[in-house]
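Read through the structure below, which is laid out as structure tokens, and then see the notes.
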Amino acid sequence: MALESIPTFTLIFARFGIGACLFIGIMAKRGVPRLSKGDNLRMFLTALFEPGLYFFFETVGLQYTTAAKASLIIAAIPVVVLILGRILIKEKTGFSSFIGVAVSIAGISILVAGDPRIANGLGGGLLGDMLIFGAVLSASLYTISVRHLAKRHSSFEITTMQTIYGGIFYAPAFLWELPGIEFSAISGRSIGALVYLTLFATIIAFLCYNHALSKLTAAKAAVFINGVPVVTAIGAWIILGERLTLIQAMGGLLVLFGVFLTNFQGVLGKNRRATSN
């Protein structure tokens, strides 16, 4: 909806630029987070991975490959996070997490296969696929980085710096698009979508995800990303009137089951502690 009358990178800049202004206003009352040079550099790199490189790779990659294939590649994020988590931050992952991630990817595959628009095929060039995988790698490194930062900083501090740096990263792209923007042609529908994306898909979503990474392992948190296509399909069905097939619904349920399996040991452990108490 937002892209109907707002250019791509202008939309991304607006989301993080407006969000940055809100966080700066809050900091004016609460005070600026105290960060060492090392932590400030880690915050910068975290924001560089996402939103910086992630949105760039995904946006440009979709110009050279199909949305269906991109969805399947993006679904690999939990797998990459699981591998990098073991290598970079020595996180141990249970067998149920491996099974859960695999089940969620199978669910995404079914969800994509059940899309009525799949007639367009899974075509697309190698360049587009590589760019989308660049988005996967960026999102995975972001998840690992936040998991590390969350041991010393609150989700509010991480999200604040991430949003401010995100606005800075996309300012040049906005200035590049600025001469061609017809502000009078921007619709109220697009502005409403921008407000929603800023408040919910940017500020609240990143706050929640960054907080979750302070409580869960990187792999357990990352598998929830595969829930995005499920919510998208349901939202498109309700809001846009797009068709939702039975196969898509089955794929969505399989994704949710995969998320449950990945976090099964944590849920079981809590129930056991509650019973013993």
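In the structure tokens, chains take the letters A, B, ... in the order shown, each chain's residues start at 1, and ligands count up from 1 in the order shown.
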For region 180-192 of chain A: contacts at 10 Å, only C-alpha atoms, fewer than 2 positions along chain excluded, given as number ranges by chain
A: 1-7, 10-11, 174-178, 194-198
Excluding Met250 (chain A) and its own-chain neighbours fewer than 2 positions away, which residues fall within 12 Å of it when counting only C-alpha atoms? Please give them as a list in words.
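Counting only the stated atoms, we get Ser104, Ala106, Gly107, Ile108, Ser109, Ile110, Leu111, Val112, Ala113, Gly114, Asp115, Val230, Ala233, Leu244, Thr245, Leu246, Ile247, Gln248, Gly252, Leu253, Leu254, Val255, Leu256 and Phe257 of chain A.
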Atoms kept (C-alpha atoms) for selection, written as a PDB file, in the first residue's frame:
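And here is the file that came out, again_31.pdb:
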ATOM      1  CA  SER A 104       9.078 -24.581   9.383  1.00  0.00           C
ATOM      2  CA  ALA A 106       8.804 -27.325   4.758  1.00  0.00           C
ATOM      3  CA  GLY A 107       5.779 -25.270   5.782  1.00  0.00           C
ATOM      4  CA  ILE A 108       7.092 -22.239   3.884  1.00  0.00           C
ATOM      5  CA  SER A 109       7.587 -24.419   0.799  1.00  0.00           C
ATOM      6  CA  ILE A 110       3.985 -25.612   0.971  1.00  0.00           C
ATOM      7  CA  LEU A 111       2.768 -22.065   1.615  1.00  0.00           C
ATOM      8  CA  VAL A 112       4.583 -20.815  -1.492  1.00  0.00           C
ATOM      9  CA  ALA A 113       3.447 -23.805  -3.595  1.00  0.00           C
ATOM     10  CA  GLY A 114      -0.156 -23.137  -2.607  1.00  0.00           C
ATOM     11  CA  ASP A 115      -0.076 -19.506  -3.750  1.00  0.00           C
ATOM     12  CA  VAL A 230       1.982 -16.861   7.288  1.00  0.00           C
ATOM     13  CA  ALA A 233      -0.927 -14.509   3.577  1.00  0.00           C
ATOM     14  CA  LEU A 244      -6.042 -18.014   0.527  1.00  0.00           C
ATOM     15  CA  THR A 245      -5.973 -21.660  -0.537  1.00  0.00           C
ATOM     16  CA  LEU A 246      -6.342 -24.742   1.641  1.00  0.00           C
ATOM     17  CA  ILE A 247      -2.763 -25.745   0.779  1.00  0.00           C
ATOM     18  CA  GLN A 248      -1.499 -22.358   2.005  1.00  0.00           C
ATOM     19  CA  GLY A 252       0.951 -22.015   7.578  1.00  0.00           C
ATOM     20  CA  LEU A 253      -0.057 -24.503  10.268  1.00  0.00           C
ATOM     21  CA  LEU A 254       3.099 -26.507   9.555  1.00  0.00           C
ATOM     22  CA  VAL A 255       5.221 -23.371   9.981  1.00  0.00           C
ATOM     23  CA  LEU A 256       3.596 -22.665  13.355  1.00  0.00           C
ATOM     24  CA  PHE A 257       4.170 -26.294  14.388  1.00  0.00           C
TER      25      PHE A 257
END
Write out as a list in words which residues come within 7 Å of region 138-143 of chain A when counting only C-alpha atoms, dropping same-chain ones fewer than 3 positions away.
Thr46, Phe49, Glu50, Leu53, Tyr54, Ile77, Val80, Val81, Gly134, Ala135, Val146, Arg147 and Ala218 of chain A
Selection near Leu35 (chain A), 12 Å with only C-alpha atoms, sequence-local residues under 5 positions removed, as number ranges by chain:
A: 40-44, 149, 152-154, 157-158, 161
Sel. of alpha helix (DSSP H) residues, region 126-226 of chain A, as a ChimeraX atom specification:
/A:126-149,155-177,188-196,205-212,218-222
Have a look at CA of Tyr209 (chain A) and CA of Gly241 (chain A) and let me know their distance in Å, one decimal.
28.8 Å
Provide the CA of Arg243 (chain A) to CA of Leu72 (chain A) distance in Å, to one decimal place.
19.8 Å
Considering only C-alpha atoms, can you say which of A:Ala171, A:Val103, A:Leu207, A:Ala150 comes closest to Gly251 (chain A)?
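Looking at the shortest contact to Gly251 (chain A), the residue is A:Val103.
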